[in-house]
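Next comes protein-v3.cif, with mmCIF, C-alpha atoms.
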data_upload
#
loop_
_atom_site.label_atom_id
_atom_site.label_comp_id
_atom_site.auth_asym_id
_atom_site.auth_seq_id
_atom_site.Cartn_x
_atom_site.Cartn_y
_atom_site.Cartn_z
CA MET Z 156 -3.48 7.23 1.19
CA LYS Z 157 -0.26 5.26 1.61
CA ILE Z 158 -0.75 3.59 -1.77
CA MET Z 159 -1.42 6.90 -3.53
CA SER Z 160 1.60 8.47 -1.86
CA ARG Z 161 3.92 5.71 -3.02
CA LEU Z 162 2.46 5.57 -6.53
CA TYR Z 163 2.47 9.29 -7.26
CA TYR Z 164 5.13 10.87 -5.08
CA ASN Z 165 7.78 8.39 -3.90
CA GLN Z 166 8.20 6.11 -6.85
CA ASP Z 167 8.57 6.19 -10.63
CA LEU Z 168 5.82 4.05 -12.11
CA GLU Z 169 7.95 3.15 -15.11
CA ASP Z 170 10.47 1.52 -12.81
CA SER Z 171 7.88 -0.15 -10.59
CA GLU Z 172 7.95 -3.91 -10.26
CA ASP Z 173 4.18 -3.73 -9.82
CA CYS Z 174 3.61 -2.01 -13.16
CA TYR Z 175 2.74 -4.32 -16.05
CA ASP Z 176 3.51 -1.98 -18.95
CA SER Z 177 7.11 -3.06 -19.54
CA GLU Z 178 8.55 -6.58 -19.64
CA LEU Z 179 5.55 -8.19 -18.00
CA GLU Z 180 3.21 -6.70 -20.58
CA ILE Z 181 5.15 -8.42 -23.33
CA GLU Z 182 4.70 -11.70 -21.46
CA GLN Z 183 1.06 -11.15 -20.51
CA ASP Z 184 0.11 -14.64 -21.62
CA LYS Z 185 2.33 -16.01 -18.84
CA ILE Z 186 0.52 -14.02 -16.14
CA SER Z 187 -2.52 -15.95 -14.98
CA PHE Z 188 -5.48 -14.57 -13.07
CA MET Z 189 -4.39 -16.68 -10.12
CA ASP Z 190 -0.96 -15.02 -10.17
CA LEU Z 191 -2.61 -11.61 -10.11
CA PHE Z 192 -4.90 -12.54 -7.22
CA LEU Z 193 -2.00 -13.97 -5.25
CA SER Z 194 0.02 -10.80 -5.86
CA LEU Z 195 -2.86 -8.47 -4.92
CA LYS Z 196 -1.43 -7.84 -1.46
CA LYS Z 197 1.87 -6.66 -2.91
CA ASN Z 198 0.62 -5.24 -6.20
CA GLU Z 199 -0.34 -1.69 -5.30
CA THR Z 200 -1.30 -0.66 -8.83
CA LEU Z 201 -3.86 -3.46 -9.15
CA ARG Z 202 -5.11 -2.85 -5.61
CA MET Z 203 -5.64 0.84 -6.37
CA GLY Z 204 -7.51 -0.09 -9.56
CA CYS Z 205 -9.85 -2.34 -7.55
CA ILE Z 206 -10.41 0.41 -4.96
CA LEU Z 207 -11.26 2.96 -7.67
CA ALA Z 208 -13.54 0.43 -9.40
CA ALA Z 209 -15.56 -0.06 -6.22
CA LEU Z 210 -15.66 3.63 -5.32
CA GLN Z 211 -16.83 4.59 -8.82
CA GLN Z 212 -20.10 2.74 -8.13
CA LEU Z 213 -20.36 3.56 -4.43
CA THR Z 214 -20.15 7.34 -4.91
CA GLY Z 215 -23.77 7.32 -6.03
CA ILE Z 216 -24.17 7.55 -9.80
CA ASN Z 217 -26.34 4.42 -9.95
CA PHE Z 218 -28.49 5.62 -7.06
CA LEU Z 219 -29.22 8.75 -9.06
CA ILE Z 220 -30.03 6.82 -12.23
CA LEU Z 221 -32.26 4.36 -10.35
CA THR Z 222 -34.24 7.19 -8.76
CA SER Z 223 -34.45 9.30 -11.91
CA THR Z 224 -38.08 8.37 -12.62
CA SER Z 225 -39.27 9.28 -9.13
CA ILE Z 226 -37.39 12.51 -8.43
CA PHE Z 227 -39.90 14.50 -10.45
CA PRO Z 228 -43.00 12.32 -11.00
CA GLU Z 229 -44.78 14.82 -13.28
CA ASN Z 230 -42.23 14.41 -16.07
CA LYS Z 231 -40.59 11.04 -15.46
CA LYS Z 232 -39.59 10.27 -19.04
CA LEU Z 233 -38.43 13.80 -19.81
CA PHE Z 234 -36.22 13.95 -16.72
CA THR Z 235 -34.68 10.54 -17.46
CA VAL Z 236 -33.95 11.52 -21.08
CA ILE Z 237 -32.35 14.85 -20.08
CA LEU Z 238 -30.29 13.07 -17.42
CA GLY Z 239 -29.02 10.60 -20.03
CA VAL Z 240 -28.16 13.40 -22.48
CA ILE Z 241 -26.20 15.32 -19.83
CA ASN Z 242 -24.44 12.11 -18.82
CA CYS Z 243 -23.46 11.47 -22.46
CA ILE Z 244 -22.31 15.04 -23.18
CA SER Z 245 -20.32 15.29 -19.94
CA GLY Z 246 -18.63 11.92 -20.50
CA SER Z 247 -17.74 12.78 -24.10
CA SER Z 248 -16.42 16.23 -23.18
CA SER Z 249 -14.24 14.88 -20.39
CA MET Z 250 -12.06 13.06 -22.95
CA PHE Z 251 -10.78 16.41 -24.22
CA LEU Z 252 -10.51 18.16 -20.87
CA LEU Z 253 -8.86 15.51 -18.67
CA LYS Z 254 -5.54 15.21 -20.52
CA LYS Z 255 -2.87 14.88 -17.82
CA HIS Z 256 -4.76 16.56 -15.01
CA TYR Z 257 -6.23 13.35 -13.66
CA LYS Z 258 -5.54 14.01 -9.99
CA THR Z 259 -6.83 17.59 -10.14
CA ASN Z 260 -10.01 16.51 -11.92
CA LEU Z 261 -10.54 13.63 -9.51
CA PHE Z 262 -10.32 16.02 -6.57
CA THR Z 263 -12.37 18.92 -7.96
CA GLY Z 264 -15.00 16.65 -9.50
CA THR Z 265 -15.49 14.75 -6.27
CA ILE Z 266 -15.68 18.00 -4.30
CA GLY Z 267 -18.51 19.00 -6.63
CA MET Z 268 -20.26 15.65 -6.15
CA SER Z 269 -19.95 16.00 -2.37
CA LEU Z 270 -21.47 19.48 -2.39
CA CYS Z 271 -24.30 18.25 -4.62
CA SER Z 272 -25.00 15.37 -2.23
CA ILE Z 273 -25.15 17.75 0.74
CA ILE Z 274 -27.58 20.05 -1.10
CA ILE Z 275 -29.73 17.07 -2.16
CA ILE Z 276 -29.93 15.90 1.46
CA LEU Z 277 -31.01 19.38 2.59
CA LEU Z 278 -33.58 19.65 -0.21
CA SER Z 279 -34.93 16.20 0.65
CA PHE Z 280 -35.52 17.31 4.24
CA LEU Z 281 -37.08 20.54 3.02
CA SER Z 282 -39.41 18.74 0.59
CA LEU Z 283 -40.84 16.76 3.52
CA ILE Z 284 -41.96 20.04 5.08
CA ILE Z 285 -42.82 22.17 2.04
CA GLU Z 286 -44.42 21.02 -1.20
CA SER Z 287 -42.99 23.26 -3.87
CA LYS Z 288 -42.18 22.90 -7.57
CA SER Z 289 -39.22 25.25 -7.16
CA ILE Z 290 -37.67 22.76 -4.74
CA ASN Z 291 -38.18 19.98 -7.27
CA TYR Z 292 -36.61 22.01 -10.07
CA THR Z 293 -33.65 22.93 -7.86
CA TYR Z 294 -33.28 19.26 -6.92
CA ILE Z 295 -33.19 18.30 -10.59
CA GLY Z 296 -30.57 20.95 -11.39
CA ILE Z 297 -28.33 19.69 -8.58
CA CYS Z 298 -28.73 16.13 -9.86
CA PHE Z 299 -27.52 17.27 -13.27
CA CYS Z 300 -24.49 18.91 -11.63
CA PHE Z 301 -23.77 15.67 -9.74
CA VAL Z 302 -23.74 13.71 -13.01
CA ALA Z 303 -21.40 16.25 -14.63
CA GLY Z 304 -19.07 16.07 -11.63
CA PHE Z 305 -18.99 12.28 -11.87
CA GLU Z 306 -18.21 12.30 -15.60
CA PHE Z 307 -15.33 14.74 -15.13
CA SER Z 308 -13.77 12.82 -12.25
CA ILE Z 309 -13.95 9.23 -11.05
CA GLY Z 310 -16.24 8.13 -13.91
CA PRO Z 311 -13.63 8.16 -16.71
CA ILE Z 312 -10.50 8.38 -14.55
CA LEU Z 313 -10.96 4.78 -13.34
CA TRP Z 314 -10.69 3.45 -16.88
CA ILE Z 315 -7.86 5.81 -17.84
CA TYR Z 316 -5.89 4.65 -14.79
CA CYS Z 317 -6.51 0.97 -15.56
CA ALA Z 318 -5.64 1.33 -19.25
CA ASP Z 319 -2.42 3.21 -18.50
CA ILE Z 320 -1.19 1.08 -15.62
CA LEU Z 321 -2.60 -2.46 -15.72
CA CYS Z 322 -2.22 -5.41 -18.05
CA GLU Z 323 -5.25 -6.90 -19.81
CA ARG Z 324 -5.99 -9.38 -17.04
CA GLY Z 325 -5.62 -6.63 -14.46
CA ILE Z 326 -8.22 -4.59 -16.36
CA ALA Z 327 -10.49 -7.64 -16.41
CA ILE Z 328 -10.23 -7.92 -12.61
CA THR Z 329 -11.00 -4.25 -12.01
CA SER Z 330 -13.93 -4.45 -14.45
CA SER Z 331 -15.28 -7.42 -12.49
CA VAL Z 332 -14.94 -5.48 -9.23
CA ASN Z 333 -16.80 -2.59 -10.85
CA TRP Z 334 -19.72 -4.80 -11.91
CA VAL Z 335 -19.89 -6.59 -8.56
CA SER Z 336 -19.99 -3.19 -6.84
CA ALA Z 337 -22.79 -2.11 -9.17
CA SER Z 338 -24.77 -5.23 -8.21
CA LEU Z 339 -24.25 -4.51 -4.50
CA VAL Z 340 -25.38 -0.91 -4.97
CA ILE Z 341 -28.54 -2.01 -6.77
CA GLY Z 342 -29.21 -4.61 -4.07
CA ALA Z 343 -28.74 -2.02 -1.32
CA PHE Z 344 -30.99 0.37 -3.20
CA ASP Z 345 -33.74 -2.25 -3.34
CA VAL Z 346 -33.46 -3.02 0.39
CA ILE Z 347 -33.56 0.67 1.37
CA ALA Z 348 -36.49 1.32 -0.97
CA GLU Z 349 -38.49 -1.52 0.57
CA SER Z 350 -37.70 -0.38 4.10
CA TYR Z 351 -39.16 3.03 3.27
CA GLY Z 352 -42.37 1.61 1.86
CA GLY Z 353 -41.40 1.82 -1.79
CA ILE Z 354 -39.43 4.48 -3.59
CA TYR Z 355 -42.42 6.10 -5.25
CA ASN Z 356 -44.27 6.59 -1.98
CA ASN Z 357 -41.71 8.26 0.23
CA LYS Z 358 -39.21 11.06 -0.41
CA LYS Z 359 -37.30 10.07 2.72
CA ILE Z 360 -35.42 7.48 0.67
CA PHE Z 361 -33.25 10.17 -0.92
CA ILE Z 362 -31.79 11.12 2.46
CA PRO Z 363 -30.03 7.81 3.34
CA LEU Z 364 -29.05 7.23 -0.29
CA ASN Z 365 -27.25 10.55 -0.56
CA CYS Z 366 -25.69 10.19 2.91
CA PHE Z 367 -24.31 6.88 1.62
CA SER Z 368 -22.98 8.60 -1.52
CA LEU Z 369 -21.47 11.45 0.48
CA PHE Z 370 -19.52 9.02 2.67
CA PHE Z 371 -17.87 7.35 -0.31
CA CYS Z 372 -17.15 10.69 -1.97
CA ALA Z 373 -15.28 11.52 1.22
CA CYS Z 374 -13.36 8.24 0.79
CA VAL Z 375 -12.25 9.34 -2.69
CA LEU Z 376 -11.16 12.74 -1.37
CA SER Z 377 -9.15 11.10 1.41
CA MET Z 378 -7.02 9.41 -1.24
#

Just give me the structure of the file as structure tokens.
Amino acid sequence: MKIMSRLYYNQDLEDSEDCYDSELEIEQDKISFMDLFLSLKKNETLRMGCILAALQQLTGINFLILTSTSIFPENKKLFTVILGVINCISGSSSMFLLKKHYKTNLFTGTIGMSLCSIIIILLSFLSLIIESKSINYTYIGICFCFVAGFEFSIGPILWIYCADILCERGIAITSSVNWVSASLVIGAFDVIAESYGGIYNNKKIFIPLNCFSLFFCACVLSM
């Protein structure tokens, strides 16, 4: 919150010593990765990029993709294909709708993701009590909404922020953080799935996964 306040409200980014889009960008070849790592404590723009890179993965998009074939077992391939199409359309459309309203989109999109996570948790509990296709279809619809919320908020905004603010090596660092976070998410997913006796055998797995996602959505909103 302190970083966001300084970056957006108390300081002009163009005049920031931490911003690499002026003199330092011209001399990018002189900025080593070691220099960037050593300046991470002081460099708020790079630190914010790393935070966003981690949160992009931790807010739950990969959990949803990994569970796509088990959410509705009767039509696994169809659901996965539709999910991918919605992901693609939402991501492509966001390019034209984001423009300069990054902060507004980040907030509203994450609010939508949080609400979707809450509904998914409730539906997961309900599905343990009642076996109903209507619950499954509702669950799928909410998952589609979650994907759309992601693609209109933290999904593309991370890369827009990095491209606008950071130098090439700074973008490389945030990209690495993003991939490491993705690996941790997949590892956590595997551990949770095994602890629940396998993802295909127990709907209870969706409850802790979406609680996990909801927590990190709340972290984005707190920014």

- Using only C-alpha atoms, give me every residue within 10 Å of (-17.4, 4.2, -4.4) in file coordinates, as a list in words.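 Nearby residues: Ile206, Leu207, Ala208, Ala209, Leu210, Gln211, Gln212, Leu213, Thr214, Gly215, Ile216, Ile309, Asn333, Ser336, Ala337, Val340, Phe367, Ser368, Leu369, Phe370, Phe371, Cys372, Ala373, Cys374 and Val375 of chain Z.
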
- Query: Could you work out how far atom CA of Val332 of chain Z lies from atom CA of Cys298 of chain Z, giving the answer in Å with one decimal?
  - Reply: 25.6 Å

- Distance query Gly204 of chain Z at most 9 Å, only C-alpha atoms, self and fewer than 6 positions along chain excluded, as a ChimeraX atom specification: /Z:313-314,316-317,320-321,325-326,328-329

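For the pair atom CA of Ala318 of chain Z and atom CA of Ser248 of chain Z, the separation is 18.8 Å.
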
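Running the PyMOL selection byres ((chain Z and resi 267) around 9) on this file leaves Phe262, Thr263, Gly264, Thr265, Ile266, Met268, Ser269, Leu270, Cys271, Ser272, Cys300, Phe301, Ala303, Gly304 and Phe305 of chain Z selected.
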
- Quick one: which residues end up in the PyMOL selection byres ((chain Z and resi 291) around 10) for this structure, as an MDAnalysis selection string? chainID Z and resid 226:228 278:279 282 286:290 292:297

Restricting it to C-alpha atoms, dump the selection as a PDB file, keeping the file's coordinate frame.
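Once everything was written out, this is selection_3.pdb:
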ATOM      1  CA  ILE Z 226     -37.390  12.510  -8.430  1.00  0.00           C
ATOM      2  CA  PHE Z 227     -39.900  14.500 -10.450  1.00  0.00           C
ATOM      3  CA  PRO Z 228     -43.000  12.320 -11.000  1.00  0.00           C
ATOM      4  CA  LEU Z 278     -33.580  19.650  -0.210  1.00  0.00           C
ATOM      5  CA  SER Z 279     -34.930  16.200   0.650  1.00  0.00           C
ATOM      6  CA  SER Z 282     -39.410  18.740   0.590  1.00  0.00           C
ATOM      7  CA  GLU Z 286     -44.420  21.020  -1.200  1.00  0.00           C
ATOM      8  CA  SER Z 287     -42.990  23.260  -3.870  1.00  0.00           C
ATOM      9  CA  LYS Z 288     -42.180  22.900  -7.570  1.00  0.00           C
ATOM     10  CA  SER Z 289     -39.220  25.250  -7.160  1.00  0.00           C
ATOM     11  CA  ILE Z 290     -37.670  22.760  -4.740  1.00  0.00           C
ATOM     12  CA  TYR Z 292     -36.610  22.010 -10.070  1.00  0.00           C
ATOM     13  CA  THR Z 293     -33.650  22.930  -7.860  1.00  0.00           C
ATOM     14  CA  TYR Z 294     -33.280  19.260  -6.920  1.00  0.00           C
ATOM     15  CA  ILE Z 295     -33.190  18.300 -10.590  1.00  0.00           C
ATOM     16  CA  GLY Z 296     -30.570  20.950 -11.390  1.00  0.00           C
ATOM     17  CA  ILE Z 297     -28.330  19.690  -8.580  1.00  0.00           C
TER      18      ILE Z 297
END

I need segment 318-353 of chain Z written out with N, CA and C atoms, as an mmCIF file, in the first residue's frame; please produce it.
data_model
loop_
_atom_site.group_PDB
_atom_site.id
_atom_site.type_symbol
_atom_site.label_atom_id
_atom_site.label_comp_id
_atom_site.auth_asym_id
_atom_site.auth_seq_id
_atom_site.Cartn_x
_atom_site.Cartn_y
_atom_site.Cartn_z
ATOM 1 N N ALA Z 318 5.975 -3.163 -18.971
ATOM 2 C CA ALA Z 318 6.432 -2.578 -20.227
ATOM 3 C C ALA Z 318 6.541 -1.062 -20.142
ATOM 4 N N ASP Z 319 5.640 -0.436 -19.394
ATOM 5 C CA ASP Z 319 5.632 1.024 -19.289
ATOM 6 C C ASP Z 319 6.690 1.554 -18.326
ATOM 7 N N ILE Z 320 7.011 0.770 -17.301
ATOM 8 C CA ILE Z 320 7.825 1.291 -16.210
ATOM 9 C C ILE Z 320 9.251 0.742 -16.198
ATOM 10 N N LEU Z 321 9.434 -0.537 -16.495
ATOM 11 C CA LEU Z 321 10.720 -1.184 -16.262
ATOM 12 C C LEU Z 321 11.591 -1.248 -17.511
ATOM 13 N N CYS Z 322 12.873 -1.414 -17.295
ATOM 14 C CA CYS Z 322 13.798 -1.638 -18.397
ATOM 15 C C CYS Z 322 13.720 -3.115 -18.798
ATOM 16 N N GLU Z 323 14.448 -3.498 -19.829
ATOM 17 C CA GLU Z 323 14.363 -4.860 -20.343
ATOM 18 C C GLU Z 323 14.771 -5.886 -19.297
ATOM 19 N N ARG Z 324 15.823 -5.599 -18.549
ATOM 20 C CA ARG Z 324 16.263 -6.550 -17.529
ATOM 21 C C ARG Z 324 15.267 -6.612 -16.374
ATOM 22 N N GLY Z 325 14.631 -5.477 -16.094
ATOM 23 C CA GLY Z 325 13.589 -5.480 -15.070
ATOM 24 C C GLY Z 325 12.412 -6.349 -15.480
ATOM 25 N N ILE Z 326 12.042 -6.286 -16.772
ATOM 26 C CA ILE Z 326 10.970 -7.138 -17.285
ATOM 27 C C ILE Z 326 11.374 -8.603 -17.204
ATOM 28 N N ALA Z 327 12.634 -8.890 -17.475
ATOM 29 C CA ALA Z 327 13.122 -10.270 -17.384
ATOM 30 C C ALA Z 327 12.988 -10.803 -15.958
ATOM 31 N N ILE Z 328 13.286 -9.952 -14.975
ATOM 32 C CA ILE Z 328 13.185 -10.374 -13.569
ATOM 33 C C ILE Z 328 11.737 -10.644 -13.197
ATOM 34 N N THR Z 329 10.832 -9.735 -13.567
ATOM 35 C CA THR Z 329 9.420 -9.942 -13.225
ATOM 36 C C THR Z 329 8.851 -11.160 -13.948
ATOM 37 N N SER Z 330 9.302 -11.405 -15.183
ATOM 38 C CA SER Z 330 8.858 -12.601 -15.899
ATOM 39 C C SER Z 330 9.316 -13.861 -15.180
ATOM 40 N N SER Z 331 10.553 -13.836 -14.670
ATOM 41 C CA SER Z 331 11.070 -14.982 -13.925
ATOM 42 C C SER Z 331 10.264 -15.217 -12.655
ATOM 43 N N VAL Z 332 9.936 -14.129 -11.965
ATOM 44 C CA VAL Z 332 9.109 -14.243 -10.749
ATOM 45 C C VAL Z 332 7.752 -14.848 -11.097
ATOM 46 N N ASN Z 333 7.202 -14.441 -12.240
ATOM 47 C CA ASN Z 333 5.903 -14.948 -12.668
ATOM 48 C C ASN Z 333 5.954 -16.460 -12.915
ATOM 49 N N TRP Z 334 7.011 -16.921 -13.578
ATOM 50 C CA TRP Z 334 7.132 -18.354 -13.870
ATOM 51 C C TRP Z 334 7.433 -19.168 -12.620
ATOM 52 N N VAL Z 335 8.240 -18.630 -11.736
ATOM 53 C CA VAL Z 335 8.511 -19.323 -10.470
ATOM 54 C C VAL Z 335 7.222 -19.447 -9.659
ATOM 55 N N SER Z 336 6.428 -18.385 -9.637
ATOM 56 C CA SER Z 336 5.143 -18.418 -8.930
ATOM 57 C C SER Z 336 4.213 -19.458 -9.541
ATOM 58 N N ALA Z 337 4.224 -19.550 -10.879
ATOM 59 C CA ALA Z 337 3.399 -20.553 -11.557
ATOM 60 C C ALA Z 337 3.820 -21.958 -11.141
ATOM 61 N N SER Z 338 5.129 -22.186 -11.031
ATOM 62 C CA SER Z 338 5.632 -23.499 -10.613
ATOM 63 C C SER Z 338 5.213 -23.819 -9.185
ATOM 64 N N LEU Z 339 5.255 -22.826 -8.307
ATOM 65 C CA LEU Z 339 4.841 -23.032 -6.917
ATOM 66 C C LEU Z 339 3.351 -23.346 -6.832
ATOM 67 N N VAL Z 340 2.558 -22.641 -7.647
ATOM 68 C CA VAL Z 340 1.116 -22.880 -7.660
ATOM 69 C C VAL Z 340 0.820 -24.311 -8.105
ATOM 70 N N ILE Z 341 1.480 -24.744 -9.177
ATOM 71 C CA ILE Z 341 1.267 -26.101 -9.685
ATOM 72 C C ILE Z 341 1.711 -27.133 -8.654
ATOM 73 N N GLY Z 342 2.832 -26.850 -7.973
ATOM 74 C CA GLY Z 342 3.303 -27.763 -6.925
ATOM 75 C C GLY Z 342 2.319 -27.847 -5.774
ATOM 76 N N ALA Z 343 1.791 -26.683 -5.358
ATOM 77 C CA ALA Z 343 0.801 -26.659 -4.273
ATOM 78 C C ALA Z 343 -0.464 -27.388 -4.686
ATOM 79 N N PHE Z 344 -0.861 -27.194 -5.936
ATOM 80 C CA PHE Z 344 -2.037 -27.878 -6.468
ATOM 81 C C PHE Z 344 -1.869 -29.396 -6.374
ATOM 82 N N ASP Z 345 -0.701 -29.875 -6.738
ATOM 83 C CA ASP Z 345 -0.438 -31.316 -6.715
ATOM 84 C C ASP Z 345 -0.496 -31.859 -5.291
ATOM 85 N N VAL Z 346 0.097 -31.120 -4.343
ATOM 86 C CA VAL Z 346 0.097 -31.552 -2.941
ATOM 87 C C VAL Z 346 -1.322 -31.606 -2.388
ATOM 88 N N ILE Z 347 -2.109 -30.554 -2.665
ATOM 89 C CA ILE Z 347 -3.488 -30.512 -2.165
ATOM 90 C C ILE Z 347 -4.323 -31.631 -2.791
ATOM 91 N N ALA Z 348 -4.120 -31.856 -4.098
ATOM 92 C CA ALA Z 348 -4.874 -32.904 -4.780
ATOM 93 C C ALA Z 348 -4.588 -34.268 -4.164
ATOM 94 N N GLU Z 349 -3.318 -34.533 -3.877
ATOM 95 C CA GLU Z 349 -2.947 -35.821 -3.284
ATOM 96 C C GLU Z 349 -3.515 -35.969 -1.874
ATOM 97 N N SER Z 350 -3.530 -34.869 -1.133
ATOM 98 C CA SER Z 350 -4.036 -34.945 0.240
ATOM 99 C C SER Z 350 -5.539 -35.207 0.283
ATOM 100 N N TYR Z 351 -6.224 -34.897 -0.819
ATOM 101 C CA TYR Z 351 -7.659 -35.144 -0.887
ATOM 102 C C TYR Z 351 -7.989 -36.412 -1.676
ATOM 103 N N GLY Z 352 -7.001 -37.262 -1.846
ATOM 104 C CA GLY Z 352 -7.242 -38.539 -2.498
ATOM 105 C C GLY Z 352 -7.356 -38.469 -4.002
ATOM 106 N N GLY Z 353 -6.796 -37.436 -4.606
ATOM 107 C CA GLY Z 353 -6.854 -37.312 -6.062
ATOM 108 C C GLY Z 353 -7.959 -36.375 -6.499
#
